[in-house]
Amino acid sequence: DPVIESRDLDVYYGDDQALQNISFEIPEQQVTALIGPSGCGKSTFLRSINRMNDLIDVARVEGDLFFRGKNVYDDDVDPVALRRKIGMVFQKPNPFPKSIYDNVAYGLRVQGEDDGDLDEQVHTALERAALLDEVEGQLDTSGLELSGGQQQRLCIARAIAPDPEVILMDEPASALDPVATSKIEDLVEELAEEYTVVIVTHNMQQAARISDKTAVFLTGGRLVEFDDTDKIFENP
Ligand code: ADP
Ligand code: ADP
């Protein structure tokens with residue numbers, strides 16, 4: 001079964017329609033890339049999945065968006081709980097002005113995780129985000145003192161600490177230098193062994209390199225193609 005299924009999804013900002021009639025299914029434990037020109041609704045789609053759009057009060061959603069068969073816009077869905085199941089990473093690394101440890105522990109503390117288990121989970125998340133080796137022994141340092149690439153991996157560790165099923169990434173490497181970018185790309189592929197990853201990118205080569213499935217959006221907020229990445233990028 002698909003993890004996420006969008007069925008006739010429309011999203012409006014006031015009177016402007018950002019997404020039109022989007023229907024497709026996102027498979028489990030793969031990387032699905034959302035590509036297309038700027039302004040075609042990629043971020044809007046991503047934010048619809050975990051109801052980040054709720055935080056933008058002009059956004060209005062019509063149609064259906066299912067996570068594991070449950071419509072995320074049903075009245076009984078708690079968006080905060082949903083966002084722990086569906087973690088998110090943004091274009092600009094945005095660690096909290098707190099220690100590395102506290103950044104990663106944040107979501108676990110909110111969940112009421114007892115402090116005895118916290119250390120192990122913090123270390124595991126840092127390891128899965130390919131950051132532990134670089135920060136071990138300095139977890140008390142502020143996350144803001146890390147390099148850009150490390151900050152982004154810290155944000156990934158923060159997103160995966162509460163053990164989500166899905167990780168949404170909105171151009172996670174586009175603010176980084178080439179070396180940091182390639183580390184993030186490698187990490188994305190590794191993460192798909194445990195999680196379902198949905199990544200927005202404007203970089204076609206990046207989509208071709210790291211994704212299994214590709215959804216192509218076009219200006220006007222329409223989905224024009226969704227298929228195996230190999231098929232999308234093969235020469236006609
Ligand atoms: P992309 O991620 O593909 O660049 P977006 O989802 O950011 O596209 O934007 C899709 C359309 O929705 C654009 O026309 C953009 O101007 C508009 N839009 C995005 N966010 C908002 C917002 N918070 N309020 C109003 N319009 C928005
Ligand atoms: P090491 O990796 O060698 O164990 P760390 O700097 O990673 O050294 O941290 C040592 C231990 O100190 C961690 O496993 C954790 O138990 C604890 N620790 C570090 N920073 C914090 C913090 N901000 N809050 C609570 N405990 C912390």
# chains A, B, ... in the order shown; residues from 1 in each chain; ligands from 1

$ residues_near_ligand --ligand "ligand 2" --cutoff "10 Å" --atoms "only C-alpha atoms and all ligand atoms" --output "PDB file with C-alpha atoms, in the first residue's frame"
ATOM      1  CA  LYS A  98      20.285  25.374  21.809  1.00  0.00           C
ATOM      2  CA  SER A  99      22.899  22.686  22.265  1.00  0.00           C
ATOM      3  CA  ILE A 100      23.278  19.951  19.665  1.00  0.00           C
ATOM      4  CA  TYR A 101      21.908  17.545  22.255  1.00  0.00           C
ATOM      5  CA  ASP A 102      18.851  19.645  23.020  1.00  0.00           C
ATOM      6  CA  ASN A 103      18.091  20.154  19.340  1.00  0.00           C
ATOM      7  CA  VAL A 104      17.840  16.412  18.813  1.00  0.00           C
ATOM      8  CA  ALA A 105      16.147  15.745  22.174  1.00  0.00           C
ATOM      9  CA  ASP A 115      15.410  10.964  30.317  1.00  0.00           C
ATOM     10  CA  GLY A 116      16.944   7.523  30.731  1.00  0.00           C
ATOM     11  CA  ASP A 117      16.174   6.604  27.127  1.00  0.00           C
ATOM     12  CA  LEU A 118      16.917  10.044  25.774  1.00  0.00           C
ATOM     13  CA  ASP A 119      20.692   9.686  25.442  1.00  0.00           C
ATOM     14  CA  GLU A 120      20.493   6.556  23.376  1.00  0.00           C
ATOM     15  CA  GLN A 121      17.863   8.012  21.074  1.00  0.00           C
ATOM     16  CA  VAL A 122      19.817  11.243  20.639  1.00  0.00           C
ATOM     17  CA  HIS A 123      22.938   9.295  19.718  1.00  0.00           C
ATOM     18  CA  LEU A 126      22.812  11.711  15.184  1.00  0.00           C
ATOM     19  CA  LEU A 132      27.662  11.615  15.281  1.00  0.00           C
ATOM     20  CA  ASP A 133      31.320  11.123  14.347  1.00  0.00           C
ATOM     21  CA  GLU A 134      31.763  14.850  13.800  1.00  0.00           C
ATOM     22  CA  VAL A 135      30.104  16.064  17.016  1.00  0.00           C
ATOM     23  CA  GLU A 136      30.705  13.313  19.547  1.00  0.00           C
ATOM     24  CA  GLY A 137      32.203  14.789  22.699  1.00  0.00           C
ATOM     25  CA  GLN A 138      30.780  18.245  21.990  1.00  0.00           C
ATOM     26  CA  LEU A 139      27.041  17.717  22.240  1.00  0.00           C
ATOM     27  CA  ASP A 140      26.838  20.723  24.582  1.00  0.00           C
ATOM     28  CA  THR A 141      27.981  23.066  21.807  1.00  0.00           C
ATOM     29  CA  SER A 142      25.299  25.268  20.282  1.00  0.00           C
TER      30      SER A 142
END

$ closest_atom_pairs --of "region 145-228 of chain A" --to "region 3-26 of chain A" --cutoff "8 Å" --atoms "only C-alpha atoms" --output "CSV"
residue,atom,partner,partner_atom,distance
A:Thr196,CA,A:Val3,CA,7.8
A:Gly220,CA,A:Ala18,CA,6.6
A:Gly221,CA,A:Leu19,CA,4.1
A:Arg222,CA,A:Gln20,CA,5.3
A:Leu223,CA,A:Ile22,CA,6.0
A:Phe226,CA,A:Phe24,CA,7.4

$ closest_atom_pairs --of "chain A" --to "ligand 1" --cutoff "6 Å" --atoms "only C-alpha atoms and all ligand atoms" --output "JSON lines"
{"residue": "A:Tyr13", "atom": "CA", "partner": "ligand 1", "partner_atom_place_in_ligand_line": "25 (C)", "distance": 4.9}
{"residue": "A:Ala18", "atom": "CA", "partner": "ligand 1", "partner_atom_place_in_ligand_line": "12 (O)", "distance": 4.5}
{"residue": "A:Ser38", "atom": "CA", "partner": "ligand 1", "partner_atom_place_in_ligand_line": "4 (O)", "distance": 3.8}
{"residue": "A:Gly39", "atom": "CA", "partner": "ligand 1", "partner_atom_place_in_ligand_line": "8 (O)", "distance": 3.5}
{"residue": "A:Cys40", "atom": "CA", "partner": "ligand 1", "partner_atom_place_in_ligand_line": "3 (O)", "distance": 3.9}
{"residue": "A:Gly41", "atom": "CA", "partner": "ligand 1", "partner_atom_place_in_ligand_line": "6 (O)", "distance": 3.2}
{"residue": "A:Lys42", "atom": "CA", "partner": "ligand 1", "partner_atom_place_in_ligand_line": "3 (O)", "distance": 3.8}
{"residue": "A:Ser43", "atom": "CA", "partner": "ligand 1", "partner_atom_place_in_ligand_line": "2 (O)", "distance": 3.6}
{"residue": "A:Thr44", "atom": "CA", "partner": "ligand 1", "partner_atom_place_in_ligand_line": "6 (O)", "distance": 3.6}
{"residue": "A:Ile56", "atom": "CA", "partner": "ligand 1", "partner_atom_place_in_ligand_line": "23 (N)", "distance": 5.8}

$ write_last_selection --atoms "N, CA, C and O atoms" --output "CSV table (one decimal), in the first residue's frame"
chain,number,residue,atom,x,y,z
A,13,TYR,N,-4.6,29.7,-2.1
A,13,TYR,CA,-4.2,30.8,-1.2
A,13,TYR,C,-5.1,31.9,-1.5
A,13,TYR,O,-5.0,32.5,-2.6
A,18,ALA,N,-3.0,27.1,-6.1
A,18,ALA,CA,-1.6,26.7,-6.1
A,18,ALA,C,-1.4,25.3,-6.6
A,18,ALA,O,-0.4,25.0,-7.2
A,38,SER,N,10.0,27.0,-10.5
A,38,SER,CA,9.7,27.8,-9.3
A,38,SER,C,8.2,28.2,-9.4
A,38,SER,O,7.7,28.6,-10.4
A,39,GLY,N,7.5,28.1,-8.3
A,39,GLY,CA,6.1,28.6,-8.2
A,39,GLY,C,5.1,27.6,-8.7
A,39,GLY,O,3.9,27.9,-8.7
A,40,CYS,N,5.5,26.3,-9.0
A,40,CYS,CA,4.5,25.4,-9.5
A,40,CYS,C,3.8,24.6,-8.4
A,40,CYS,O,3.0,23.7,-8.7
A,41,GLY,N,4.2,24.9,-7.2
A,41,GLY,CA,3.4,24.3,-6.1
A,41,GLY,C,4.1,23.1,-5.3
A,41,GLY,O,3.4,22.4,-4.5
A,42,LYS,N,5.4,22.9,-5.6
A,42,LYS,CA,6.1,21.8,-5.0
A,42,LYS,C,6.1,21.9,-3.4
A,42,LYS,O,5.7,20.9,-2.7
A,43,SER,N,6.4,23.0,-2.9
A,43,SER,CA,6.5,23.2,-1.5
A,43,SER,C,5.1,23.2,-0.9
A,43,SER,O,4.9,22.6,0.2
A,44,THR,N,4.1,23.7,-1.6
A,44,THR,CA,2.7,23.7,-1.2
A,44,THR,C,2.3,22.2,-1.0
A,44,THR,O,1.6,21.9,0.0
A,56,ILE,N,-0.4,28.4,7.6
A,56,ILE,CA,-0.5,29.5,6.7
A,56,ILE,C,-2.0,29.7,6.6
A,56,ILE,O,-2.7,29.0,5.9

$ residues_around --residues "region 160-170 of chain A" --least-positions-apart "2" --cutoff "8 Å" --atoms "only C-alpha atoms" --output "PyMOL selection string"
chain A and resi 43+46+84-91+104-105+107-108+111+121-122+124-125+156-158+172+195-201

$ select_by_dssp --residues "region 13-166 of chain A" --states "helix (DSSP H, G or I)" --output "compact mmCIF listing (two decimals) with N, CA, C and O atoms, in the first residue's frame"
# COMPACT_ATOMS: atom_id res chain seq x y z
N LYS A 42 5.36 22.88 -5.60
CA LYS A 42 6.06 21.76 -4.97
C LYS A 42 6.05 21.87 -3.45
O LYS A 42 5.71 20.93 -2.74
N SER A 43 6.43 23.05 -2.95
CA SER A 43 6.45 23.24 -1.49
C SER A 43 5.06 23.17 -0.90
O SER A 43 4.85 22.63 0.19
N THR A 44 4.11 23.70 -1.64
CA THR A 44 2.72 23.67 -1.18
C THR A 44 2.26 22.23 -1.02
O THR A 44 1.63 21.86 -0.02
N PHE A 45 2.64 21.38 -2.01
CA PHE A 45 2.25 19.97 -1.89
C PHE A 45 2.89 19.33 -0.67
O PHE A 45 2.24 18.65 0.13
N LEU A 46 4.19 19.60 -0.50
CA LEU A 46 4.91 19.02 0.64
C LEU A 46 4.25 19.44 1.96
O LEU A 46 4.02 18.61 2.85
N ARG A 47 3.93 20.73 2.06
CA ARG A 47 3.35 21.24 3.31
C ARG A 47 1.92 20.76 3.52
O ARG A 47 1.39 20.85 4.63
N SER A 48 1.29 20.29 2.43
CA SER A 48 -0.07 19.75 2.59
C SER A 48 -0.03 18.39 3.28
O SER A 48 -0.96 18.02 3.99
N ILE A 49 1.07 17.65 3.07
CA ILE A 49 1.14 16.28 3.57
C ILE A 49 1.11 16.26 5.10
O ILE A 49 0.42 15.44 5.70
N MET A 52 1.45 21.41 7.44
CA MET A 52 2.15 22.66 7.71
C MET A 52 1.35 23.82 7.10
O MET A 52 1.45 24.95 7.55
N ASN A 53 0.59 23.51 6.05
CA ASN A 53 -0.25 24.55 5.43
C ASN A 53 -1.26 25.13 6.41
O ASN A 53 -1.72 26.25 6.23
N ASP A 54 -1.61 24.36 7.44
CA ASP A 54 -2.52 24.88 8.47
C ASP A 54 -1.95 26.15 9.11
O ASP A 54 -2.68 26.99 9.61
N LEU A 55 -0.63 26.21 9.12
CA LEU A 55 0.02 27.33 9.80
C LEU A 55 -0.02 28.58 8.93
O LEU A 55 0.28 29.67 9.38
N PRO A 79 -2.70 17.54 14.30
CA PRO A 79 -1.59 17.92 13.41
C PRO A 79 -0.22 17.81 14.07
O PRO A 79 0.77 17.52 13.39
N VAL A 80 -0.15 18.02 15.37
CA VAL A 80 1.15 17.95 16.04
C VAL A 80 1.65 16.50 16.05
O VAL A 80 2.82 16.22 15.75
N ALA A 81 0.74 15.58 16.35
CA ALA A 81 1.10 14.15 16.32
C ALA A 81 1.45 13.73 14.89
O ALA A 81 2.41 12.98 14.66
N LEU A 82 0.70 14.25 13.94
CA LEU A 82 0.96 13.95 12.52
C LEU A 82 2.37 14.36 12.13
O LEU A 82 3.08 13.64 11.43
N ARG A 83 2.79 15.54 12.60
CA ARG A 83 4.11 16.06 12.23
C ARG A 83 5.25 15.30 12.88
O ARG A 83 6.39 15.40 12.45
N ARG A 84 4.95 14.56 13.95
CA ARG A 84 5.99 13.67 14.49
C ARG A 84 6.14 12.42 13.62
O ARG A 84 7.22 11.89 13.47
N LYS A 85 5.02 11.99 13.04
CA LYS A 85 5.05 10.83 12.14
C LYS A 85 5.64 11.21 10.79
O LYS A 85 6.15 10.37 10.05
N ILE A 100 23.52 21.03 20.63
CA ILE A 100 23.28 19.95 19.66
C ILE A 100 22.36 18.91 20.30
O ILE A 100 21.37 18.48 19.71
N TYR A 101 22.69 18.56 21.54
CA TYR A 101 21.91 17.55 22.26
C TYR A 101 20.45 17.95 22.37
O TYR A 101 19.54 17.18 22.06
N ASP A 102 20.23 19.19 22.80
CA ASP A 102 18.85 19.64 23.02
C ASP A 102 18.07 19.79 21.71
O ASP A 102 16.86 19.61 21.69
N ASN A 103 18.77 20.11 20.64
CA ASN A 103 18.09 20.15 19.34
C ASN A 103 17.49 18.79 19.01
O ASN A 103 16.34 18.70 18.60
N VAL A 104 18.30 17.75 19.19
CA VAL A 104 17.84 16.41 18.81
C VAL A 104 16.82 15.89 19.83
O VAL A 104 15.86 15.21 19.47
N ALA A 105 17.03 16.25 21.11
CA ALA A 105 16.15 15.75 22.17
C ALA A 105 14.78 16.42 22.16
O ALA A 105 13.82 15.91 22.75
N TYR A 106 14.69 17.57 21.47
CA TYR A 106 13.48 18.40 21.55
C TYR A 106 12.19 17.62 21.33
O TYR A 106 11.30 17.60 22.19
N GLY A 107 12.11 16.94 20.18
CA GLY A 107 10.87 16.22 19.84
C GLY A 107 10.60 15.07 20.79
O GLY A 107 9.45 14.69 21.02
N LEU A 108 11.68 14.49 21.33
CA LEU A 108 11.52 13.36 22.26
C LEU A 108 10.98 13.85 23.60
O LEU A 108 10.14 13.21 24.23
N ARG A 109 11.46 15.01 24.04
CA ARG A 109 10.98 15.58 25.31
C ARG A 109 9.52 15.96 25.18
O ARG A 109 8.73 15.74 26.11
N VAL A 110 9.14 16.53 24.03
CA VAL A 110 7.74 16.89 23.80
C VAL A 110 6.87 15.64 23.91
O VAL A 110 5.77 15.66 24.45
N ASP A 115 14.04 10.54 30.58
CA ASP A 115 15.41 10.96 30.32
C ASP A 115 16.40 9.81 30.22
O ASP A 115 17.45 9.95 29.59
N GLY A 116 16.06 8.67 30.81
CA GLY A 116 16.94 7.52 30.73
C GLY A 116 17.15 7.04 29.31
O GLY A 116 18.26 6.64 28.93
N ASP A 117 16.09 7.09 28.51
CA ASP A 117 16.17 6.60 27.13
C ASP A 117 16.65 7.68 26.16
O ASP A 117 16.98 7.39 25.01
N LEU A 118 16.66 8.91 26.66
CA LEU A 118 16.92 10.04 25.77
C LEU A 118 18.30 9.97 25.12
O LEU A 118 18.43 10.13 23.91
N ASP A 119 19.31 9.69 25.95
CA ASP A 119 20.69 9.69 25.44
C ASP A 119 20.85 8.75 24.26
O ASP A 119 21.45 9.10 23.24
N GLU A 120 20.31 7.55 24.42
CA GLU A 120 20.49 6.56 23.38
C GLU A 120 19.80 7.02 22.10
O GLU A 120 20.34 6.89 21.00
N GLN A 121 18.60 7.58 22.26
CA GLN A 121 17.86 8.01 21.07
C GLN A 121 18.53 9.20 20.39
O GLN A 121 18.52 9.31 19.17
N VAL A 122 19.09 10.10 21.21
CA VAL A 122 19.82 11.24 20.64
C VAL A 122 21.02 10.75 19.84
O VAL A 122 21.25 11.17 18.70
N HIS A 123 21.76 9.83 20.42
CA HIS A 123 22.94 9.30 19.72
C HIS A 123 22.55 8.55 18.45
O HIS A 123 23.20 8.70 17.41
N THR A 124 21.48 7.77 18.54
CA THR A 124 21.04 7.02 17.36
C THR A 124 20.63 7.95 16.23
O THR A 124 20.99 7.76 15.06
N ALA A 125 19.89 9.01 16.58
CA ALA A 125 19.44 9.96 15.55
C ALA A 125 20.63 10.66 14.91
O ALA A 125 20.69 10.83 13.69
N LEU A 126 21.61 11.05 15.73
CA LEU A 126 22.81 11.71 15.18
C LEU A 126 23.58 10.76 14.27
O LEU A 126 24.11 11.16 13.23
N GLU A 127 23.60 9.50 14.65
CA GLU A 127 24.30 8.52 13.83
C GLU A 127 23.58 8.31 12.50
O GLU A 127 24.21 8.31 11.44
N ARG A 128 22.27 8.19 12.54
CA ARG A 128 21.50 8.01 11.31
C ARG A 128 21.61 9.22 10.39
O ARG A 128 21.44 9.11 9.18
N LEU A 132 27.12 11.97 13.96
CA LEU A 132 27.66 11.61 15.28
C LEU A 132 29.18 11.70 15.34
O LEU A 132 29.74 12.30 16.27
N ASP A 133 29.85 11.13 14.32
CA ASP A 133 31.32 11.12 14.35
C ASP A 133 31.91 12.53 14.45
O ASP A 133 32.95 12.73 15.06
N GLU A 134 31.22 13.49 13.83
CA GLU A 134 31.76 14.85 13.80
C GLU A 134 31.48 15.64 15.07
O GLU A 134 32.13 16.64 15.33
N VAL A 135 30.50 15.23 15.86
CA VAL A 135 30.10 16.06 17.02
C VAL A 135 30.22 15.34 18.36
O VAL A 135 29.99 15.95 19.41
N GLY A 143 24.07 24.33 18.42
CA GLY A 143 23.88 23.89 17.04
C GLY A 143 24.23 24.97 16.04
O GLY A 143 24.60 24.69 14.90
N LEU A 144 24.13 26.22 16.47
CA LEU A 144 24.41 27.34 15.56
C LEU A 144 25.89 27.49 15.26
O LEU A 144 26.27 28.21 14.34
N GLU A 145 26.74 26.80 16.04
CA GLU A 145 28.19 26.90 15.79
C GLU A 145 28.67 25.92 14.73
O GLU A 145 29.82 25.97 14.32
N GLY A 148 27.24 24.95 7.85
CA GLY A 148 25.92 24.86 7.22
C GLY A 148 25.49 23.42 6.97
O GLY A 148 24.36 23.02 7.27
N GLY A 149 26.42 22.63 6.42
CA GLY A 149 26.11 21.24 6.11
C GLY A 149 25.82 20.43 7.38
O GLY A 149 24.92 19.59 7.41
N GLN A 150 26.62 20.71 8.44
CA GLN A 150 26.38 20.02 9.72
C GLN A 150 25.05 20.46 10.33
O GLN A 150 24.32 19.63 10.89
N GLN A 151 24.75 21.75 10.21
CA GLN A 151 23.46 22.24 10.74
C GLN A 151 22.30 21.52 10.06
O GLN A 151 21.32 21.16 10.70
N GLN A 152 22.44 21.31 8.73
CA GLN A 152 21.35 20.63 8.03
C GLN A 152 21.24 19.18 8.48
O GLN A 152 20.14 18.67 8.68
N ARG A 153 22.38 18.52 8.70
CA ARG A 153 22.31 17.14 9.20
C ARG A 153 21.77 17.11 10.63
O ARG A 153 21.08 16.16 11.02
N LEU A 154 22.04 18.17 11.40
CA LEU A 154 21.44 18.27 12.74
C LEU A 154 19.91 18.39 12.64
O LEU A 154 19.17 17.76 13.40
N CYS A 155 19.46 19.17 11.67
CA CYS A 155 18.01 19.31 11.47
C CYS A 155 17.39 17.98 11.04
O CYS A 155 16.26 17.66 11.41
N ILE A 156 18.15 17.21 10.26
CA ILE A 156 17.68 15.88 9.87
C ILE A 156 17.62 14.97 11.11
O ILE A 156 16.63 14.25 11.32
N ALA A 157 18.64 15.05 11.96
CA ALA A 157 18.64 14.25 13.21
C ALA A 157 17.45 14.64 14.08
O ALA A 157 16.77 13.78 14.66
N ARG A 158 17.17 15.93 14.16
CA ARG A 158 16.02 16.41 14.96
C ARG A 158 14.71 15.86 14.39
O ARG A 158 13.82 15.47 15.15
N ALA A 159 14.62 15.81 13.06
CA ALA A 159 13.39 15.31 12.43
C ALA A 159 13.22 13.80 12.62
O ALA A 159 12.09 13.32 12.75
N ILE A 160 14.33 13.06 12.63
CA ILE A 160 14.18 11.60 12.73
C ILE A 160 14.19 11.08 14.16
O ILE A 160 13.78 9.94 14.39

$ residues_around --residues "Val188 (chain A)" --least-positions-apart "4" --cutoff "8 Å" --atoms "only C-alpha atoms" --output "VMD selection string"
chain A and resid 31 184 192 197 210

$ residues_around --residues "Val216 (chain A)" --least-positions-apart "2" --cutoff "8 Å" --atoms "only C-alpha atoms" --output "list of chain:residue names"
A:Leu34, A:Ile35, A:Gly36, A:Thr214, A:Leu218, A:Leu223, A:Val224, A:Glu225, A:Phe226

$ select_by_dssp --residues "region 7-225 of chain A" --states "strand (DSSP E)" --output "number ranges by chain"
A: 7-13, 16-26, 31-35, 59-67, 70-71, 86-89, 166-170, 196-200, 213-218, 222-225

$ decode --residues "region 67-77 of chain A" --atoms "all heavy atoms" --output "PDB file, in the first residue's frame"
ATOM      1  N   PHE A  67      -2.690   9.516   4.664  1.00  0.00           N
ATOM      2  CA  PHE A  67      -1.450   8.963   5.219  1.00  0.00           C
ATOM      3  C   PHE A  67      -1.827   7.628   5.835  1.00  0.00           C
ATOM      4  O   PHE A  67      -2.652   7.579   6.742  1.00  0.00           O
ATOM      5  CB  PHE A  67      -0.870   9.913   6.269  1.00  0.00           C
ATOM      6  CG  PHE A  67       0.253   9.317   7.083  1.00  0.00           C
ATOM      7  CD1 PHE A  67       1.357   8.747   6.468  1.00  0.00           C
ATOM      8  CD2 PHE A  67       0.218   9.357   8.473  1.00  0.00           C
ATOM      9  CE1 PHE A  67       2.396   8.209   7.224  1.00  0.00           C
ATOM     10  CE2 PHE A  67       1.249   8.825   9.233  1.00  0.00           C
ATOM     11  CZ  PHE A  67       2.344   8.244   8.605  1.00  0.00           C
ATOM     12  N   ARG A  68      -1.285   6.560   5.263  1.00  0.00           N
ATOM     13  CA  ARG A  68      -1.643   5.204   5.686  1.00  0.00           C
ATOM     14  C   ARG A  68      -3.164   5.010   5.714  1.00  0.00           C
ATOM     15  O   ARG A  68      -3.721   4.495   6.687  1.00  0.00           O
ATOM     16  CB  ARG A  68      -1.061   4.879   7.052  1.00  0.00           C
ATOM     17  CG  ARG A  68       0.442   4.878   7.059  1.00  0.00           C
ATOM     18  CD  ARG A  68       1.007   3.587   7.584  1.00  0.00           C
ATOM     19  NE  ARG A  68       2.449   3.545   7.438  1.00  0.00           N
ATOM     20  CZ  ARG A  68       3.094   2.921   6.447  1.00  0.00           C
ATOM     21  NH1 ARG A  68       2.434   2.283   5.515  1.00  0.00           N
ATOM     22  NH2 ARG A  68       4.404   2.930   6.386  1.00  0.00           N
ATOM     23  N   GLY A  69      -3.805   5.495   4.654  1.00  0.00           N
ATOM     24  CA  GLY A  69      -5.228   5.257   4.484  1.00  0.00           C
ATOM     25  C   GLY A  69      -6.144   6.171   5.274  1.00  0.00           C
ATOM     26  O   GLY A  69      -7.364   6.089   5.146  1.00  0.00           O
ATOM     27  N   LYS A  70      -5.562   7.065   6.075  1.00  0.00           N
ATOM     28  CA  LYS A  70      -6.373   7.970   6.903  1.00  0.00           C
ATOM     29  C   LYS A  70      -6.236   9.385   6.344  1.00  0.00           C
ATOM     30  O   LYS A  70      -5.114   9.871   6.140  1.00  0.00           O
ATOM     31  CB  LYS A  70      -5.849   7.898   8.346  1.00  0.00           C
ATOM     32  CG  LYS A  70      -6.400   8.931   9.283  1.00  0.00           C
ATOM     33  CD  LYS A  70      -7.719   8.510   9.828  1.00  0.00           C
ATOM     34  CE  LYS A  70      -8.234   9.553  10.834  1.00  0.00           C
ATOM     35  NZ  LYS A  70      -9.692   9.467  10.991  1.00  0.00           N
ATOM     36  N   ASN A  71      -7.358  10.043   6.117  1.00  0.00           N
ATOM     37  CA  ASN A  71      -7.305  11.406   5.592  1.00  0.00           C
ATOM     38  C   ASN A  71      -6.741  12.352   6.651  1.00  0.00           C
ATOM     39  O   ASN A  71      -7.303  12.489   7.735  1.00  0.00           O
ATOM     40  CB  ASN A  71      -8.701  11.864   5.180  1.00  0.00           C
ATOM     41  CG  ASN A  71      -8.642  13.120   4.332  1.00  0.00           C
ATOM     42  OD1 ASN A  71      -7.776  13.978   4.525  1.00  0.00           O
ATOM     43  ND2 ASN A  71      -9.545  13.225   3.368  1.00  0.00           N
ATOM     44  N   VAL A  72      -5.618  12.990   6.331  1.00  0.00           N
ATOM     45  CA  VAL A  72      -4.950  13.829   7.337  1.00  0.00           C
ATOM     46  C   VAL A  72      -5.767  15.080   7.668  1.00  0.00           C
ATOM     47  O   VAL A  72      -5.495  15.745   8.661  1.00  0.00           O
ATOM     48  CB  VAL A  72      -3.514  14.238   6.928  1.00  0.00           C
ATOM     49  CG1 VAL A  72      -2.650  13.012   6.654  1.00  0.00           C
ATOM     50  CG2 VAL A  72      -3.503  15.177   5.735  1.00  0.00           C
ATOM     51  N   TYR A  73      -6.762  15.391   6.823  1.00  0.00           N
ATOM     52  CA  TYR A  73      -7.597  16.570   7.099  1.00  0.00           C
ATOM     53  C   TYR A  73      -8.887  16.218   7.840  1.00  0.00           C
ATOM     54  O   TYR A  73      -9.729  17.084   8.063  1.00  0.00           O
ATOM     55  CB  TYR A  73      -7.871  17.339   5.799  1.00  0.00           C
ATOM     56  CG  TYR A  73      -6.600  18.026   5.323  1.00  0.00           C
ATOM     57  CD1 TYR A  73      -5.739  17.412   4.421  1.00  0.00           C
ATOM     58  CD2 TYR A  73      -6.223  19.272   5.841  1.00  0.00           C
ATOM     59  CE1 TYR A  73      -4.550  18.014   4.025  1.00  0.00           C
ATOM     60  CE2 TYR A  73      -5.038  19.875   5.456  1.00  0.00           C
ATOM     61  CZ  TYR A  73      -4.210  19.243   4.550  1.00  0.00           C
ATOM     62  OH  TYR A  73      -3.032  19.849   4.181  1.00  0.00           O
ATOM     63  N   ASP A  74      -9.038  14.948   8.240  1.00  0.00           N
ATOM     64  CA  ASP A  74     -10.192  14.589   9.091  1.00  0.00           C
ATOM     65  C   ASP A  74     -10.116  15.345  10.421  1.00  0.00           C
ATOM     66  O   ASP A  74      -9.023  15.658  10.905  1.00  0.00           O
ATOM     67  CB  ASP A  74     -10.197  13.074   9.378  1.00  0.00           C
ATOM     68  CG  ASP A  74     -10.758  12.270   8.207  1.00  0.00           C
ATOM     69  OD1 ASP A  74     -11.235  12.890   7.235  1.00  0.00           O
ATOM     70  OD2 ASP A  74     -10.697  11.025   8.267  1.00  0.00           O
ATOM     71  N   ASP A  75     -11.296  15.607  10.992  1.00  0.00           N
ATOM     72  CA  ASP A  75     -11.371  16.404  12.216  1.00  0.00           C
ATOM     73  C   ASP A  75     -10.613  15.794  13.390  1.00  0.00           C
ATOM     74  O   ASP A  75     -10.137  16.510  14.272  1.00  0.00           O
ATOM     75  CB  ASP A  75     -12.840  16.586  12.643  1.00  0.00           C
ATOM     76  CG  ASP A  75     -13.578  17.501  11.680  1.00  0.00           C
ATOM     77  OD1 ASP A  75     -12.890  18.266  10.965  1.00  0.00           O
ATOM     78  OD2 ASP A  75     -14.824  17.435  11.638  1.00  0.00           O
ATOM     79  N   ASP A  76     -10.536  14.458  13.409  1.00  0.00           N
ATOM     80  CA  ASP A  76      -9.922  13.828  14.577  1.00  0.00           C
ATOM     81  C   ASP A  76      -8.412  13.654  14.464  1.00  0.00           C
ATOM     82  O   ASP A  76      -7.788  13.033  15.324  1.00  0.00           O
ATOM     83  CB  ASP A  76     -10.591  12.468  14.865  1.00  0.00           C
ATOM     84  CG  ASP A  76     -10.462  11.498  13.692  1.00  0.00           C
ATOM     85  OD1 ASP A  76     -10.044  11.934  12.590  1.00  0.00           O
ATOM     86  OD2 ASP A  76     -10.769  10.313  13.878  1.00  0.00           O
ATOM     87  N   VAL A  77      -7.795  14.209  13.411  1.00  0.00           N
ATOM     88  CA  VAL A  77      -6.341  14.106  13.288  1.00  0.00           C
ATOM     89  C   VAL A  77      -5.679  15.267  14.043  1.00  0.00           C
ATOM     90  O   VAL A  77      -6.052  16.423  13.863  1.00  0.00           O
ATOM     91  CB  VAL A  77      -5.908  14.116  11.797  1.00  0.00           C
ATOM     92  CG1 VAL A  77      -4.395  14.217  11.666  1.00  0.00           C
ATOM     93  CG2 VAL A  77      -6.423  12.866  11.095  1.00  0.00           C
TER      94      VAL A  77
END
